[in-house]
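Undergrad: Next comes run.cif, mmCIF, C-alpha atoms:
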```
data_query
#
loop_
_atom_site.group_PDB
_atom_site.id
_atom_site.type_symbol
_atom_site.label_atom_id
_atom_site.label_comp_id
_atom_site.auth_asym_id
_atom_site.auth_seq_id
_atom_site.Cartn_x
_atom_site.Cartn_y
_atom_site.Cartn_z
ATOM 1 C CA MET A 1 -17.181 -24.751 -1.369
ATOM 2 C CA THR A 2 -14.748 -23.452 -3.974
ATOM 3 C CA GLU A 3 -15.787 -20.230 -5.633
ATOM 4 C CA THR A 4 -13.631 -18.324 -8.025
ATOM 5 C CA ALA A 5 -14.647 -14.700 -7.897
ATOM 6 C CA THR A 6 -13.363 -12.917 -10.947
ATOM 7 C CA THR A 7 -15.483 -9.835 -11.420
ATOM 8 C CA PRO A 8 -15.527 -6.879 -9.034
ATOM 9 C CA ASP A 9 -19.212 -7.590 -8.327
ATOM 10 C CA GLU A 10 -18.430 -11.202 -7.382
ATOM 11 C CA ILE A 11 -15.570 -10.080 -5.138
ATOM 12 C CA ASP A 12 -17.828 -7.473 -3.498
ATOM 13 C CA GLU A 13 -20.471 -10.145 -2.848
ATOM 14 C CA LEU A 14 -17.927 -12.518 -1.307
ATOM 15 C CA ALA A 15 -16.632 -9.657 0.847
ATOM 16 C CA ARG A 16 -20.166 -8.843 2.070
ATOM 17 C CA ARG A 17 -20.728 -12.480 2.994
ATOM 18 C CA ALA A 18 -17.319 -12.714 4.683
ATOM 19 C CA GLN A 19 -18.064 -9.527 6.587
ATOM 20 C CA ALA A 20 -21.285 -11.153 7.795
ATOM 21 C CA GLY A 21 -19.280 -14.073 9.222
ATOM 22 C CA ASP A 22 -19.376 -16.628 6.382
ATOM 23 C CA ARG A 23 -16.047 -18.490 6.776
ATOM 24 C CA ASP A 24 -16.283 -20.215 3.384
ATOM 25 C CA ALA A 25 -16.804 -16.833 1.736
ATOM 26 C CA MET A 26 -13.744 -15.486 3.577
ATOM 27 C CA GLU A 27 -11.578 -18.348 2.311
ATOM 28 C CA SER A 28 -12.859 -17.872 -1.222
ATOM 29 C CA LEU A 29 -12.370 -14.114 -0.990
ATOM 30 C CA LEU A 30 -8.762 -14.425 0.190
ATOM 31 C CA ALA A 31 -7.988 -16.916 -2.586
ATOM 32 C CA ALA A 32 -9.618 -14.642 -5.179
ATOM 33 C CA VAL A 33 -7.801 -11.458 -4.140
ATOM 34 C CA ARG A 34 -4.371 -12.954 -3.441
ATOM 35 C CA PRO A 35 -2.991 -12.398 -6.990
ATOM 36 C CA ARG A 36 -4.217 -8.798 -7.002
ATOM 37 C CA THR A 37 -2.776 -8.210 -3.530
ATOM 38 C CA LEU A 38 0.589 -9.646 -4.556
ATOM 39 C CA ASN A 39 0.676 -7.358 -7.611
ATOM 40 C CA VAL A 40 -0.001 -4.315 -5.439
ATOM 41 C CA CYS A 41 2.784 -5.353 -3.061
ATOM 42 C CA ARG A 42 5.152 -5.921 -5.999
ATOM 43 C CA GLY A 43 4.486 -2.345 -7.075
ATOM 44 C CA VAL A 44 6.222 -1.215 -3.894
ATOM 45 C CA LEU A 45 8.562 -4.158 -3.232
ATOM 46 C CA PRO A 46 9.749 -5.673 -6.534
ATOM 47 C CA TYR A 47 11.894 -8.309 -4.774
ATOM 48 C CA THR A 48 9.453 -11.248 -4.856
ATOM 49 C CA PRO A 49 10.057 -12.731 -1.368
ATOM 50 C CA ASP A 50 9.510 -9.289 0.204
ATOM 51 C CA ALA A 51 6.347 -8.745 -1.839
ATOM 52 C CA GLU A 52 5.084 -12.188 -0.808
ATOM 53 C CA ASP A 53 5.674 -11.374 2.873
ATOM 54 C CA ALA A 54 3.782 -8.107 2.488
ATOM 55 C CA CYS A 55 0.989 -9.893 0.589
ATOM 56 C CA GLN A 56 0.599 -12.452 3.370
ATOM 57 C CA GLU A 57 0.497 -9.681 5.957
ATOM 58 C CA ALA A 58 -2.136 -7.846 3.889
ATOM 59 C CA LEU A 59 -4.340 -10.948 3.598
ATOM 60 C CA ILE A 60 -4.173 -11.461 7.361
ATOM 61 C CA LYS A 61 -5.197 -7.819 7.829
ATOM 62 C CA VAL A 62 -8.095 -8.304 5.394
ATOM 63 C CA ALA A 63 -9.342 -11.254 7.442
ATOM 64 C CA GLN A 64 -8.942 -9.339 10.711
ATOM 65 C CA LYS A 65 -10.257 -5.965 9.579
ATOM 66 C CA ILE A 66 -12.904 -6.771 6.980
ATOM 67 C CA GLY A 67 -15.459 -5.171 9.287
ATOM 68 C CA THR A 68 -13.919 -1.766 8.528
ATOM 69 C CA TRP A 69 -14.794 -1.981 4.824
ATOM 70 C CA ASN A 70 -17.711 0.439 4.571
ATOM 71 C CA GLN A 71 -19.247 -1.118 1.412
ATOM 72 C CA ARG A 72 -19.630 2.300 -0.239
ATOM 73 C CA GLY A 73 -16.752 1.676 -2.616
ATOM 74 C CA ARG A 74 -15.442 -1.440 -4.260
ATOM 75 C CA PHE A 75 -13.835 -3.981 -1.984
ATOM 76 C CA THR A 76 -10.821 -4.012 -4.308
ATOM 77 C CA THR A 77 -10.231 -0.300 -3.631
ATOM 78 C CA TRP A 78 -10.242 -0.955 0.113
ATOM 79 C CA LEU A 79 -7.914 -3.900 -0.552
ATOM 80 C CA HIS A 80 -5.478 -1.582 -2.390
ATOM 81 C CA VAL A 81 -5.200 0.599 0.701
ATOM 82 C CA VAL A 82 -4.599 -2.420 2.948
ATOM 83 C CA ALA A 83 -1.997 -3.861 0.546
ATOM 84 C CA VAL A 84 -0.142 -0.546 0.101
ATOM 85 C CA ASN A 85 0.006 -0.052 3.859
ATOM 86 C CA SER A 86 1.230 -3.621 4.325
ATOM 87 C CA ALA A 87 3.970 -3.196 1.716
ATOM 88 C CA ARG A 88 5.101 0.068 3.296
ATOM 89 C CA SER A 89 5.070 -1.542 6.736
ATOM 90 C CA THR A 90 7.140 -4.464 5.438
ATOM 91 C CA TYR A 91 9.627 -2.021 3.916
ATOM 92 C CA ARG A 92 9.917 -0.087 7.209
ATOM 93 C CA ARG A 93 10.472 -3.318 9.140
ATOM 94 C CA MET A 94 13.206 -4.444 6.711
ATOM 95 C CA LYS A 95 14.830 -1.015 6.799
ATOM 96 C CA ASN A 96 14.911 -1.109 10.611
ATOM 97 C CA GLN A 97 16.455 -4.594 10.531
ATOM 98 C CA ALA A 98 19.195 -3.326 8.215
ATOM 99 C CA VAL A 99 20.813 -1.344 11.056
ATOM 100 C CA ALA A 100 24.565 -1.590 11.216
ATOM 101 C CA ALA A 101 25.923 -4.133 13.721
ATOM 102 C CA ASP A 102 28.687 -1.737 14.722
ATOM 103 C CA PRO A 103 27.191 1.336 16.487
ATOM 104 C CA THR A 104 29.984 3.543 15.061
ATOM 105 C CA GLU A 105 28.616 2.762 11.609
ATOM 106 C CA SER A 106 25.090 3.869 12.496
ATOM 107 C CA LEU A 107 25.603 7.324 10.994
ATOM 108 C CA ALA A 108 26.354 5.717 7.657
ATOM 109 C CA MET A 109 23.027 3.880 7.882
ATOM 110 C CA GLN A 110 20.916 7.054 8.235
ATOM 111 C CA ARG A 111 20.082 6.969 4.530
ATOM 112 C CA PRO A 112 20.294 3.461 3.066
ATOM 113 C CA ASP A 113 22.694 3.019 0.194
ATOM 114 C CA PRO A 114 20.651 1.923 -2.841
ATOM 115 C CA ARG A 115 23.426 -0.496 -3.859
ATOM 116 C CA THR A 116 23.154 -2.434 -0.590
ATOM 117 C CA THR A 117 19.406 -2.214 -0.152
ATOM 118 C CA SER A 118 18.344 -3.022 -3.695
ATOM 119 C CA VAL A 119 17.531 -6.547 -2.550
ATOM 120 C CA ILE A 120 15.184 -5.035 0.023
ATOM 121 C CA ALA A 121 13.243 -2.675 -2.186
ATOM 122 C CA GLY A 122 14.499 -2.932 -5.729
ATOM 123 C CA THR A 123 13.939 0.061 -7.936
ATOM 124 C CA ARG A 124 11.351 1.651 -5.628
ATOM 125 C CA LEU A 125 13.800 2.625 -2.871
ATOM 126 C CA ASP A 126 13.715 6.297 -3.868
ATOM 127 C CA LEU A 127 9.915 6.348 -3.802
ATOM 128 C CA LEU A 128 9.725 4.565 -0.457
ATOM 129 C CA GLU A 129 12.235 6.962 1.083
ATOM 130 C CA ALA A 130 10.280 9.935 -0.279
ATOM 131 C CA MET A 131 7.032 8.527 1.171
ATOM 132 C CA GLU A 132 8.726 7.995 4.548
ATOM 133 C CA THR A 133 9.904 11.618 4.570
ATOM 134 C CA LEU A 134 6.498 12.924 3.437
ATOM 135 C CA GLU A 135 4.709 10.856 6.082
ATOM 136 C CA ARG A 136 6.708 12.423 8.905
ATOM 137 C CA GLU A 137 5.555 15.946 8.058
ATOM 138 C CA HIS A 138 2.384 15.504 5.989
ATOM 139 C CA PRO A 139 0.903 12.030 6.578
ATOM 140 C CA GLN A 140 -2.439 13.005 5.039
ATOM 141 C CA PHE A 141 -0.821 13.239 1.564
ATOM 142 C CA VAL A 142 0.765 9.773 1.452
ATOM 143 C CA GLU A 143 -2.213 7.474 0.899
ATOM 144 C CA PRO A 144 -3.957 9.582 -1.774
ATOM 145 C CA LEU A 145 -0.654 10.091 -3.598
ATOM 146 C CA LEU A 146 0.223 6.381 -3.638
ATOM 147 C CA LEU A 147 -3.280 5.346 -4.694
ATOM 148 C CA ARG A 148 -3.249 7.828 -7.573
ATOM 149 C CA ASP A 149 0.323 7.849 -8.837
ATOM 150 C CA VAL A 150 1.501 4.319 -8.087
ATOM 151 C CA TYR A 151 -1.740 2.391 -8.534
ATOM 152 C CA GLY A 152 -3.567 4.679 -10.950
ATOM 153 C CA LEU A 153 -6.892 4.720 -9.114
ATOM 154 C CA PRO A 154 -9.347 7.392 -10.278
ATOM 155 C CA TYR A 155 -9.753 10.450 -8.050
ATOM 156 C CA GLU A 156 -13.417 9.598 -7.417
ATOM 157 C CA GLU A 157 -12.569 6.103 -6.191
ATOM 158 C CA ILE A 158 -9.840 7.455 -3.901
ATOM 159 C CA ALA A 159 -12.243 10.037 -2.455
ATOM 160 C CA GLN A 160 -14.842 7.348 -1.841
ATOM 161 C CA GLN A 161 -12.363 4.957 -0.243
ATOM 162 C CA LEU A 162 -10.790 7.589 2.002
ATOM 163 C CA ASP A 163 -14.185 9.122 2.769
ATOM 164 C CA LEU A 164 -13.028 12.587 1.722
ATOM 165 C CA PRO A 165 -14.489 15.197 -0.624
ATOM 166 C CA LEU A 166 -13.171 14.956 -4.189
ATOM 167 C CA GLY A 167 -11.652 18.452 -4.010
ATOM 168 C CA THR A 168 -9.743 17.545 -0.847
ATOM 169 C CA VAL A 169 -8.294 14.431 -2.488
ATOM 170 C CA LYS A 170 -7.205 16.399 -5.564
ATOM 171 C CA ALA A 171 -5.600 19.064 -3.375
ATOM 172 C CA GLN A 172 -3.785 16.475 -1.220
ATOM 173 C CA ILE A 173 -2.412 14.737 -4.310
ATOM 174 C CA HIS A 174 -1.313 18.067 -5.808
ATOM 175 C CA HIS A 175 0.459 19.141 -2.602
ATOM 176 C CA GLY A 176 1.969 15.675 -2.093
ATOM 177 C CA ARG A 177 3.388 15.694 -5.636
ATOM 178 C CA ARG A 178 4.831 19.167 -5.092
ATOM 179 C CA LEU A 179 6.605 18.013 -1.919
ATOM 180 C CA VAL A 180 7.830 14.661 -3.282
ATOM 181 C CA ARG A 181 9.065 15.866 -6.673
ATOM 182 C CA PRO A 182 12.292 17.478 -5.326
ATOM 183 C CA MET A 183 13.043 14.395 -3.207
ATOM 184 C CA LEU A 184 12.784 12.112 -6.230
ATOM 185 C CA ALA A 185 14.822 14.498 -8.382
ATOM 186 C CA GLU A 186 17.487 14.592 -5.665
ATOM 187 C CA SER A 187 17.733 10.798 -5.542
ATOM 188 C CA ALA A 188 18.032 10.604 -9.330
ATOM 189 C CA THR A 189 21.269 12.573 -9.316
#
```
Hey, can you dump this file as structure tokens for me?

TA:
Amino acid sequence: MTETATTPDEIDELARRAQAGDRDAMESLLAAVRPRTLNVCRGVLPYTPDAEDACQEALIKVAQKIGTWNQRGRFTTWLHVVAVNSARSTYRRMKNQAVAADPTESLAMQRPDPRTTSVIAGTRLDLLEAMETLEREHPQFVEPLLLRDVYGLPYEEIAQQLDLPLGTVKAQIHHGRRLVRPMLAESAT
């Protein structure tokens, strides 16, 4: 059975069927959302092989965790969250693997040099570093901020996906922007 789901309604229907245990629907769903998932991952990891790794990880998570989609919002919104988290996780893993071989050099590796890590994260290194810093102190701001400012999702959709009141989402995004802005300005100099 080869279905090509193209509209959000068709994707939602495939996701409902996959959630109910329909294996053919799951295969069709994963095939239908792969391009979208890869694009989301490329938004964080512009180096194509890294984005493809993150995309694959996200699709595995979709298959494993589809039961957590609450069906109140669009499946594609839930997918965005899974893909963003996968891309960030892939970045963290690559950053941890980029540790200096010589322990005396480890201090130099505290903050990756953008010239040597551009293959890892391309032009988004500054954003990823800012999100890492923000997550340590204010993890509740990271997801809403990424969904709004990187992926352009509407506030209402973010609130629905994160199961938060609209006012809370707007406040978290506002506070997250306020905290991240100086970090991004600092990395631009």

Undergrad: Can you list, as a PyMOL selection string, every protein, DNA or RNA residue that comes within 10 Å of region 27-34 of chain A when you count only C-alpha atoms, leaving out same-chain residues fewer than 3 positions away?

TA: chain A and resi 1-7+10-18+22-24+37-40+52+55-56+58-60+62-63+75-76+79

Undergrad: Using the selection just defined, write its residues with C-alpha atoms as an mmCIF file, in the coordinates of the input.

TA:
```cif
data_model
loop_
_atom_site.group_PDB
_atom_site.id
_atom_site.type_symbol
_atom_site.label_atom_id
_atom_site.label_comp_id
_atom_site.auth_asym_id
_atom_site.auth_seq_id
_atom_site.Cartn_x
_atom_site.Cartn_y
_atom_site.Cartn_z
ATOM 1 C CA MET A 1 -17.181 -24.751 -1.369
ATOM 2 C CA THR A 2 -14.748 -23.452 -3.974
ATOM 3 C CA GLU A 3 -15.787 -20.230 -5.633
ATOM 4 C CA THR A 4 -13.631 -18.324 -8.025
ATOM 5 C CA ALA A 5 -14.647 -14.700 -7.897
ATOM 6 C CA THR A 6 -13.363 -12.917 -10.947
ATOM 7 C CA THR A 7 -15.483 -9.835 -11.420
ATOM 8 C CA GLU A 10 -18.430 -11.202 -7.382
ATOM 9 C CA ILE A 11 -15.570 -10.080 -5.138
ATOM 10 C CA ASP A 12 -17.828 -7.473 -3.498
ATOM 11 C CA GLU A 13 -20.471 -10.145 -2.848
ATOM 12 C CA LEU A 14 -17.927 -12.518 -1.307
ATOM 13 C CA ALA A 15 -16.632 -9.657 0.847
ATOM 14 C CA ARG A 16 -20.166 -8.843 2.070
ATOM 15 C CA ARG A 17 -20.728 -12.480 2.994
ATOM 16 C CA ALA A 18 -17.319 -12.714 4.683
ATOM 17 C CA ASP A 22 -19.376 -16.628 6.382
ATOM 18 C CA ARG A 23 -16.047 -18.490 6.776
ATOM 19 C CA ASP A 24 -16.283 -20.215 3.384
ATOM 20 C CA THR A 37 -2.776 -8.210 -3.530
ATOM 21 C CA LEU A 38 0.589 -9.646 -4.556
ATOM 22 C CA ASN A 39 0.676 -7.358 -7.611
ATOM 23 C CA VAL A 40 -0.001 -4.315 -5.439
ATOM 24 C CA GLU A 52 5.084 -12.188 -0.808
ATOM 25 C CA CYS A 55 0.989 -9.893 0.589
ATOM 26 C CA GLN A 56 0.599 -12.452 3.370
ATOM 27 C CA ALA A 58 -2.136 -7.846 3.889
ATOM 28 C CA LEU A 59 -4.340 -10.948 3.598
ATOM 29 C CA ILE A 60 -4.173 -11.461 7.361
ATOM 30 C CA VAL A 62 -8.095 -8.304 5.394
ATOM 31 C CA ALA A 63 -9.342 -11.254 7.442
ATOM 32 C CA PHE A 75 -13.835 -3.981 -1.984
ATOM 33 C CA THR A 76 -10.821 -4.012 -4.308
ATOM 34 C CA LEU A 79 -7.914 -3.900 -0.552
#
```

Undergrad: Where does the PyMOL selection byres ((chain A and resi 143) around 10) land in this file, that is, which residues does it pick, as a ChimeraX atom specification?

TA: /A:81,84-85,131,135,139-142,144-148,158,162,169,172-173,176

Undergrad: Let me make sure I understand: among A:Asp53, A:Leu166, A:Leu128, A:Glu157, which one has the smallest atom-to-atom distance to Val180 (chain A) if we use all atoms listed in the file?

TA: A:Leu128

Undergrad: Produce the centre coordinates and the three edge lengths, each in Å to one decimal, of the box along x, y and z that contains all listed atoms of region 24-32 of chain A with 8 Å added on each side, as lines of an AutoDock Vina configuration file.

TA:
```
center_x = -12.4
center_y = -17.2
center_z = -0.8
size_x = 24.8
size_y = 22.1
size_z = 24.8
```

Undergrad: Hey, can you check how far CA of Gly67 (chain A) sits from CA of Arg88 (chain A)?

TA: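 CA of Gly67 (chain A) sits 22.0 Å away from CA of Arg88 (chain A).
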
Undergrad: Starting from the incomplete input, reconstruct N, CA and C atoms of region 75-95 of chain A and write that as a short mmCIF file (atom, residue, chain, number, x, y, z; two decimals), in the coordinates of the input.

TA:
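Okay, part20.cif is ready:
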```cif
data_model
loop_
_atom_site.label_atom_id
_atom_site.label_comp_id
_atom_site.auth_asym_id
_atom_site.auth_seq_id
_atom_site.Cartn_x
_atom_site.Cartn_y
_atom_site.Cartn_z
N PHE A 75 -14.70 -3.30 -2.93
CA PHE A 75 -13.84 -3.98 -1.98
C PHE A 75 -12.39 -3.91 -2.46
N THR A 76 -12.19 -4.02 -3.78
CA THR A 76 -10.82 -4.01 -4.31
C THR A 76 -10.11 -2.68 -4.05
N THR A 77 -10.85 -1.58 -3.96
CA THR A 77 -10.23 -0.30 -3.63
C THR A 77 -9.76 -0.32 -2.18
N TRP A 78 -10.61 -0.82 -1.30
CA TRP A 78 -10.24 -0.96 0.11
C TRP A 78 -9.02 -1.87 0.23
N LEU A 79 -9.02 -2.95 -0.55
CA LEU A 79 -7.91 -3.90 -0.55
C LEU A 79 -6.61 -3.22 -0.97
N HIS A 80 -6.67 -2.32 -1.97
CA HIS A 80 -5.48 -1.58 -2.39
C HIS A 80 -4.85 -0.84 -1.21
N VAL A 81 -5.69 -0.17 -0.44
CA VAL A 81 -5.20 0.60 0.70
C VAL A 81 -4.52 -0.34 1.70
N VAL A 82 -5.16 -1.45 2.00
CA VAL A 82 -4.60 -2.42 2.95
C VAL A 82 -3.27 -2.95 2.42
N ALA A 83 -3.21 -3.29 1.13
CA ALA A 83 -2.00 -3.86 0.55
C ALA A 83 -0.86 -2.84 0.51
N VAL A 84 -1.17 -1.60 0.13
CA VAL A 84 -0.14 -0.55 0.10
C VAL A 84 0.42 -0.34 1.50
N ASN A 85 -0.45 -0.25 2.49
CA ASN A 85 0.01 -0.05 3.86
C ASN A 85 0.85 -1.23 4.33
N SER A 86 0.48 -2.43 3.95
CA SER A 86 1.23 -3.62 4.32
C SER A 86 2.62 -3.61 3.68
N ALA A 87 2.68 -3.25 2.41
CA ALA A 87 3.97 -3.20 1.72
C ALA A 87 4.87 -2.13 2.34
N ARG A 88 4.31 -0.99 2.67
CA ARG A 88 5.10 0.07 3.30
C ARG A 88 5.56 -0.36 4.69
N SER A 89 4.71 -1.05 5.41
CA SER A 89 5.07 -1.54 6.74
C SER A 89 6.18 -2.59 6.64
N THR A 90 6.10 -3.46 5.66
CA THR A 90 7.14 -4.46 5.44
C THR A 90 8.46 -3.78 5.11
N TYR A 91 8.42 -2.77 4.26
CA TYR A 91 9.63 -2.02 3.92
C TYR A 91 10.24 -1.38 5.16
N ARG A 92 9.41 -0.73 5.99
CA ARG A 92 9.92 -0.09 7.21
C ARG A 92 10.57 -1.11 8.13
N ARG A 93 9.93 -2.27 8.28
CA ARG A 93 10.47 -3.32 9.14
C ARG A 93 11.83 -3.78 8.61
N MET A 94 11.94 -4.00 7.30
CA MET A 94 13.21 -4.44 6.71
C MET A 94 14.27 -3.36 6.85
N LYS A 95 13.88 -2.13 6.68
CA LYS A 95 14.83 -1.01 6.80
C LYS A 95 15.36 -0.95 8.23
#
```
